[in-house]
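Student: Below you'll find the structure I mean.
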Amino acid sequence: MNNLTKGHLPAYRAVIAGHGSFAPGKLLTNDELSEMVDTTDEWITTRTGVKVRHITEDNESTAFLATEAAKRALAEAKLDGRELELIIVATITPEMVFPSTASFVQRALKAQKAWVFDLSAACSGFVYSLSIVQQFIESGRLNNALVIGAETLTKITDWTDRASCILFGDGAGAVVLKRSEDGRKGILYSTMHSDGNRWEALNCQAYGSRHPVSKPLDDPKKIYMQIKGREVYQQAIRRIVETVNDCLQVCELSIDDIKMLVSHQMNARIIESAAKRLKLPDEKVFININEYGNTSAASVPIAFDDCVRKGKIKRGDMIILVAFGAGLTWGANVVEF
């Protein structure tokens with residue numbers, strides 16, 4: 001149960017003090033993609049909502065994107081990297097097998113005071129990470145933390161597979177969280193879930209201990225992301241609706257209290273279908289997949305940063321961040337910004 005249901009507030013809250021995002025400058029439009037696979041701009045837009053995606057150059061790594069987003073979030077929070085106490089990078093496209101991507105971000109930010117790690121929960125990685133930081137700050141263990149979602153998904157995309165290559169892009173988003181004694185603001189509630197029985201719906205199987213680099217693959221395509229579109233579509237809508245309803249019930253909120261639903265940008269049709277079931281009006285659902293594509297763990301923080309900068313939400317607004325991804329994993333954070 002959450003503290004909200006126990007009749008008292010925690011002594012501290014994790015408040016978003018700064019946010020930022022970064023995407024590579026190279027773009028790939030639907031028309032350009034149609035020259036690579038059998039598709040059209042109309043076909044992609046109708047089914048996914050994607051119009052363009054950002055693509056990393058060979059010298060642009062996940063840690064590079066993460067660091068750039070982090071610098072922008074730190075600048076807004078007026079916090080020097082050397083003051084950071086924790087860095088979490090949510091990613092499924094890490095800098096390398098080890099050390100963690102967060103280690104490289106720490107080095108770049110000169111954040112030697114921080115302890116750091118990566119979190120692998122696919123598209124839900126960012127909301128999972130916020131939940132972790134929430135616990136550390138509410139307990140008084142931390143004064144601040146940096147949470148980043150960063151992905152270079154195009155580096156594991158099969159550009160011959162029309163079902164998947166149309167979806168993905170690269171980018172990073174970050175938030176700085178600070179401890180506050182104002183119990184009415186910050187992350188009010190988090191809920192996280194998973195279902196490993198459905199792992200085959202979304203996966204990238206090589207290379208790991210099951211399919212090590214030392215052995216030939218029975219299917220060369222296992223180095224790329226694989227998606228069962230229909231199952232993902234159905235599960236995503238169901239889990240998003242369930243999770244948002246849980247947030248509303250536990251926090252004793254109504255749809256009218258929510259200024260904006262900031263969802264993982266997996267597919268515009270999924271977001272729209274979930275919003276319709278939740279009876280959320282269009283103006284309370286933020287969608288920017290048309291500009292970025294699906295950026296997995298980077299999706300929610302990029303969308304959040306974009307939403308604020310476009311004036312869709314402001315300080316004091318109640319928002320829900322929600323995500324669904326491989327694992328299967330899903331979760332949400334209720335935040336009074």
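Residue numbering restarts at 1 in every chain; chains get A, B, ... in the order shown in the structure tokens, and ligands count up from 1 in that same order.
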Pick out each residue of stretch 167-264 of chain A that DSSP on the backbone tags as strand (DSSP E); I need them as a list of chain:residue names.

Tutor: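 The strand (DSSP E) residues within stretch 167-264 of chain A come out as A:Asp170, A:Gly171, A:Ala172, A:Gly173, A:Ala174, A:Val175, A:Val176, A:Leu177, A:Lys178, A:Arg179, A:Ser180, A:Gly186, A:Ile187, A:Leu188, A:Tyr189, A:Ser190, A:Thr191, A:Met192, A:His193, A:Ser194, A:Leu202, A:Asn203, A:Gln226, A:Ile227, A:Met260, A:Leu261, A:Val262, A:Ser263.
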
Student: What's the 8 Å shell around A:Gly81, counting only C-alpha atoms, without same-chain residues fewer than 4 positions away, as a PyMOL selection string?

Tutor: chain A and resi 74+109-111

Student: Which polymer residues have any atom within 9 Å of an atom of A:Ala23, counting only C-alpha atoms, with same-chain residues fewer than 6 positions away left out, as a ChimeraX atom specification?

Tutor: /A:54-56,65,68-69,170-173,292,302

Student: Of the candidates A:Thr101, A:Asn333, A:Ser120, A:Ser296, which one gets nearest to A:Ile240 if we count only C-alpha atoms?

Tutor: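 Closest candidate: A:Asn333.
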
Student: Might you pull out every residue within 12 Å of A:Asn197, with only C-alpha atoms counted and same-chain residues fewer than 6 positions away left off, and present them as a list in words?

Tutor: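 Result of the neighbour search: Ala326, Gly327, Leu328 and Thr329 of chain A.
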
Student: Filtering to N, CA and C atoms, could you give me those residues as a PDB file, in the first residue's frame?

Tutor:
ATOM      1  N   ALA A 326       8.820  -4.471 -23.065  1.00  0.00           N
ATOM      2  CA  ALA A 326       9.282  -5.859 -23.064  1.00  0.00           C
ATOM      3  C   ALA A 326       9.499  -6.349 -21.647  1.00  0.00           C
ATOM      4  N   GLY A 327       9.285  -7.635 -21.494  1.00  0.00           N
ATOM      5  CA  GLY A 327       9.436  -8.257 -20.179  1.00  0.00           C
ATOM      6  C   GLY A 327       8.431  -9.366 -19.919  1.00  0.00           C
ATOM      7  N   LEU A 328       7.152  -9.089 -20.046  1.00  0.00           N
ATOM      8  CA  LEU A 328       6.553  -7.770 -20.229  1.00  0.00           C
ATOM      9  C   LEU A 328       6.647  -6.959 -18.934  1.00  0.00           C
ATOM     10  N   THR A 329       6.753  -5.642 -19.073  1.00  0.00           N
ATOM     11  CA  THR A 329       6.808  -4.749 -17.934  1.00  0.00           C
ATOM     12  C   THR A 329       5.844  -3.585 -18.155  1.00  0.00           C
TER      13      THR A 329
END

Student: Write out as number ranges by chain the residues lying within 6 Å of stretch 313-322 of chain A, counting only C-alpha atoms and excluding same-chain residues fewer than 2 positions away.

Tutor: A: 258-263, 308, 311, 331-337

Student: With only C-alpha atoms as the atoms that count, which of A:Ser190, A:Ser164, A:Ser273, A:Ser209 lies nearest to A:Tyr128?

Tutor: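 Of all the options, A:Ser190 lies closest to A:Tyr128.
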
Student: Provide the atom CA of A:Glu57 to atom CA of A:Pro24 distance in Å, to one decimal place.

Tutor: 7.8 Å

Student: Identify, with DSSP run on backbone atoms, the residues in stretch 84-223 of chain A assigned to alpha helix (DSSP H), and express the list as a list of chain:residue names.

Tutor: A:Thr101, A:Ala102, A:Ser103, A:Phe104, A:Val105, A:Gln106, A:Arg107, A:Ala108, A:Leu109, A:Gly125, A:Phe126, A:Val127, A:Tyr128, A:Ser129, A:Leu130, A:Ser131, A:Ile132, A:Val133, A:Gln134, A:Gln135, A:Phe136, A:Ile137, A:Glu138, A:Arg162, A:Ala163, A:Ser164, A:Cys165

Student: Using only C-alpha atoms for the distances, tell me which of A:Lys312, A:Arg269, A:Lys222, A:Lys113 is nearest to A:Thr48.

Tutor: A:Arg269

Student: By how many Å are atom CA of A:Glu272 and atom CA of A:Gln234 apart?

Tutor: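 Value for the atom CA of A:Glu272-atom CA of A:Gln234 distance: 12.9 Å.
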
Student: A:Leu153, A:Leu188, A:Val176, A:Ile137: which is nearest A:Lys71, counting only C-alpha atoms?

Tutor: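 When distances to A:Lys71 are compared using only C-alpha atoms, the smallest one comes from A:Val176.
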
Student: What does the distance between atom CA of A:Leu84 and atom CA of A:Asp306 come to in Å, to one decimal place?

Tutor: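 Distance reported for this atom pair: 23.9 Å.
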
Student: Which is closest to A:Phe126 among A:Ile227, A:Ala174, A:Val244, A:Leu28, if we use only C-alpha atoms?

Tutor: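 Looking only at the distances to A:Phe126, the closest residue turns out to be A:Ala174.
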
Student: For each of A:Cys247, A:Lys155, A:Thr91, A:Val133, take the minimum atom-to-atom distance to A:Asn59, counting only C-alpha atoms, then give the residue where this is smallest.

Tutor: A:Lys155

Student: Excluding stretch 215-219 of chain A and any residue of its chain fewer than 5 positions from it, enumerate the residues within 12 Å of it, using only C-alpha atoms, and give them as a PDB file with all heavy atoms, in the first residue's frame.

Tutor:
ATOM      1  N   CYS A 204      14.993  -9.252 -27.877  1.00  0.00           N
ATOM      2  CA  CYS A 204      16.212  -9.230 -28.693  1.00  0.00           C
ATOM      3  C   CYS A 204      17.139 -10.244 -28.042  1.00  0.00           C
ATOM      4  O   CYS A 204      17.724  -9.982 -26.998  1.00  0.00           O
ATOM      5  CB  CYS A 204      16.834  -7.840 -28.719  1.00  0.00           C
ATOM      6  SG  CYS A 204      18.324  -7.736 -29.745  1.00  0.00           S
ATOM      7  N   GLN A 205      17.277 -11.424 -28.635  1.00  0.00           N
ATOM      8  CA  GLN A 205      17.825 -12.577 -27.927  1.00  0.00           C
ATOM      9  C   GLN A 205      19.347 -12.697 -27.925  1.00  0.00           C
ATOM     10  O   GLN A 205      19.914 -13.356 -27.055  1.00  0.00           O
ATOM     11  CB  GLN A 205      17.220 -13.855 -28.513  1.00  0.00           C
ATOM     12  CG  GLN A 205      15.716 -13.941 -28.326  1.00  0.00           C
ATOM     13  CD  GLN A 205      15.148 -15.268 -28.805  1.00  0.00           C
ATOM     14  OE1 GLN A 205      15.749 -16.330 -28.636  1.00  0.00           O
ATOM     15  NE2 GLN A 205      13.976 -15.206 -29.419  1.00  0.00           N
ATOM     16  N   ALA A 206      20.004 -12.115 -28.893  1.00  0.00           N
ATOM     17  CA  ALA A 206      21.466 -12.247 -28.939  1.00  0.00           C
ATOM     18  C   ALA A 206      22.103 -10.857 -28.782  1.00  0.00           C
ATOM     19  O   ALA A 206      21.522  -9.857 -29.203  1.00  0.00           O
ATOM     20  CB  ALA A 206      21.888 -12.875 -30.264  1.00  0.00           C
ATOM     21  N   TYR A 207      23.241 -10.768 -28.157  1.00  0.00           N
ATOM     22  CA  TYR A 207      24.010 -11.890 -27.615  1.00  0.00           C
ATOM     23  C   TYR A 207      23.942 -11.855 -26.085  1.00  0.00           C
ATOM     24  O   TYR A 207      24.160 -10.806 -25.487  1.00  0.00           O
ATOM     25  CB  TYR A 207      25.462 -11.820 -28.069  1.00  0.00           C
ATOM     26  CG  TYR A 207      25.643 -12.129 -29.526  1.00  0.00           C
ATOM     27  CD1 TYR A 207      25.789 -11.115 -30.460  1.00  0.00           C
ATOM     28  CD2 TYR A 207      25.625 -13.454 -29.957  1.00  0.00           C
ATOM     29  CE1 TYR A 207      25.940 -11.406 -31.802  1.00  0.00           C
ATOM     30  CE2 TYR A 207      25.790 -13.749 -31.307  1.00  0.00           C
ATOM     31  CZ  TYR A 207      25.937 -12.719 -32.237  1.00  0.00           C
ATOM     32  OH  TYR A 207      26.075 -13.006 -33.566  1.00  0.00           O
ATOM     33  N   GLY A 208      23.664 -13.007 -25.492  1.00  0.00           N
ATOM     34  CA  GLY A 208      23.632 -13.157 -24.051  1.00  0.00           C
ATOM     35  C   GLY A 208      24.060 -14.568 -23.723  1.00  0.00           C
ATOM     36  O   GLY A 208      24.559 -15.302 -24.593  1.00  0.00           O
ATOM     37  N   SER A 209      23.848 -15.025 -22.514  1.00  0.00           N
ATOM     38  CA  SER A 209      24.295 -16.356 -22.123  1.00  0.00           C
ATOM     39  C   SER A 209      23.504 -17.460 -22.823  1.00  0.00           C
ATOM     40  O   SER A 209      24.008 -18.566 -23.023  1.00  0.00           O
ATOM     41  CB  SER A 209      24.191 -16.519 -20.598  1.00  0.00           C
ATOM     42  OG  SER A 209      22.848 -16.392 -20.174  1.00  0.00           O
ATOM     43  N   ARG A 210      22.270 -17.171 -23.227  1.00  0.00           N
ATOM     44  CA  ARG A 210      21.482 -18.162 -23.957  1.00  0.00           C
ATOM     45  C   ARG A 210      21.987 -18.335 -25.382  1.00  0.00           C
ATOM     46  O   ARG A 210      21.996 -19.437 -25.936  1.00  0.00           O
ATOM     47  CB  ARG A 210      20.006 -17.767 -23.965  1.00  0.00           C
ATOM     48  CG  ARG A 210      19.117 -18.771 -24.697  1.00  0.00           C
ATOM     49  CD  ARG A 210      17.650 -18.430 -24.598  1.00  0.00           C
ATOM     50  NE  ARG A 210      17.147 -18.550 -23.227  1.00  0.00           N
ATOM     51  CZ  ARG A 210      15.851 -18.619 -22.915  1.00  0.00           C
ATOM     52  NH1 ARG A 210      14.932 -18.561 -23.858  1.00  0.00           N
ATOM     53  NH2 ARG A 210      15.471 -18.730 -21.656  1.00  0.00           N
ATOM     54  N   TYR A 224      18.538  -8.879 -33.773  1.00  0.00           N
ATOM     55  CA  TYR A 224      17.648  -7.727 -33.903  1.00  0.00           C
ATOM     56  C   TYR A 224      16.432  -7.863 -32.989  1.00  0.00           C
ATOM     57  O   TYR A 224      16.091  -8.954 -32.530  1.00  0.00           O
ATOM     58  CB  TYR A 224      17.151  -7.594 -35.341  1.00  0.00           C
ATOM     59  CG  TYR A 224      18.244  -7.413 -36.363  1.00  0.00           C
ATOM     60  CD1 TYR A 224      18.422  -8.351 -37.387  1.00  0.00           C
ATOM     61  CD2 TYR A 224      19.094  -6.311 -36.310  1.00  0.00           C
ATOM     62  CE1 TYR A 224      19.416  -8.190 -38.337  1.00  0.00           C
ATOM     63  CE2 TYR A 224      20.092  -6.147 -37.269  1.00  0.00           C
ATOM     64  CZ  TYR A 224      20.252  -7.083 -38.270  1.00  0.00           C
ATOM     65  OH  TYR A 224      21.233  -6.931 -39.213  1.00  0.00           O
ATOM     66  N   GLN A 226      12.645  -8.324 -32.063  1.00  0.00           N
ATOM     67  CA  GLN A 226      11.559  -9.092 -32.653  1.00  0.00           C
ATOM     68  C   GLN A 226      10.263  -8.761 -31.912  1.00  0.00           C
ATOM     69  O   GLN A 226      10.237  -8.687 -30.683  1.00  0.00           O
ATOM     70  CB  GLN A 226      11.859 -10.594 -32.573  1.00  0.00           C
ATOM     71  CG  GLN A 226      13.112 -10.984 -33.356  1.00  0.00           C
ATOM     72  CD  GLN A 226      13.441 -12.459 -33.251  1.00  0.00           C
ATOM     73  OE1 GLN A 226      12.667 -13.235 -32.696  1.00  0.00           O
ATOM     74  NE2 GLN A 226      14.584 -12.847 -33.779  1.00  0.00           N
TER      75      GLN A 226
END

Student: Show which residues sit within 9 Å of A:Ser139, as a compact mmCIF listing (two decimals) with N, CA and C atoms, in the first residue's frame. Count only C-alpha atoms, and ignore same-chain residues fewer than 4 positions away.

Tutor:
# COMPACT_ATOMS: atom_id res chain seq x y z
N PRO A 10 4.60 11.12 3.66
CA PRO A 10 5.99 10.90 4.04
C PRO A 10 6.65 12.23 4.40
N ALA A 11 7.73 12.17 5.14
CA ALA A 11 8.43 13.39 5.55
C ALA A 11 9.04 14.11 4.35
N TYR A 12 9.41 13.33 3.33
CA TYR A 12 10.06 13.92 2.16
C TYR A 12 9.36 13.45 0.88
N GLN A 134 12.22 7.42 -5.81
CA GLN A 134 11.18 7.85 -4.88
C GLN A 134 11.40 7.23 -3.51
N GLN A 135 11.68 5.93 -3.47
CA GLN A 135 11.86 5.23 -2.19
C GLN A 135 13.08 5.75 -1.43
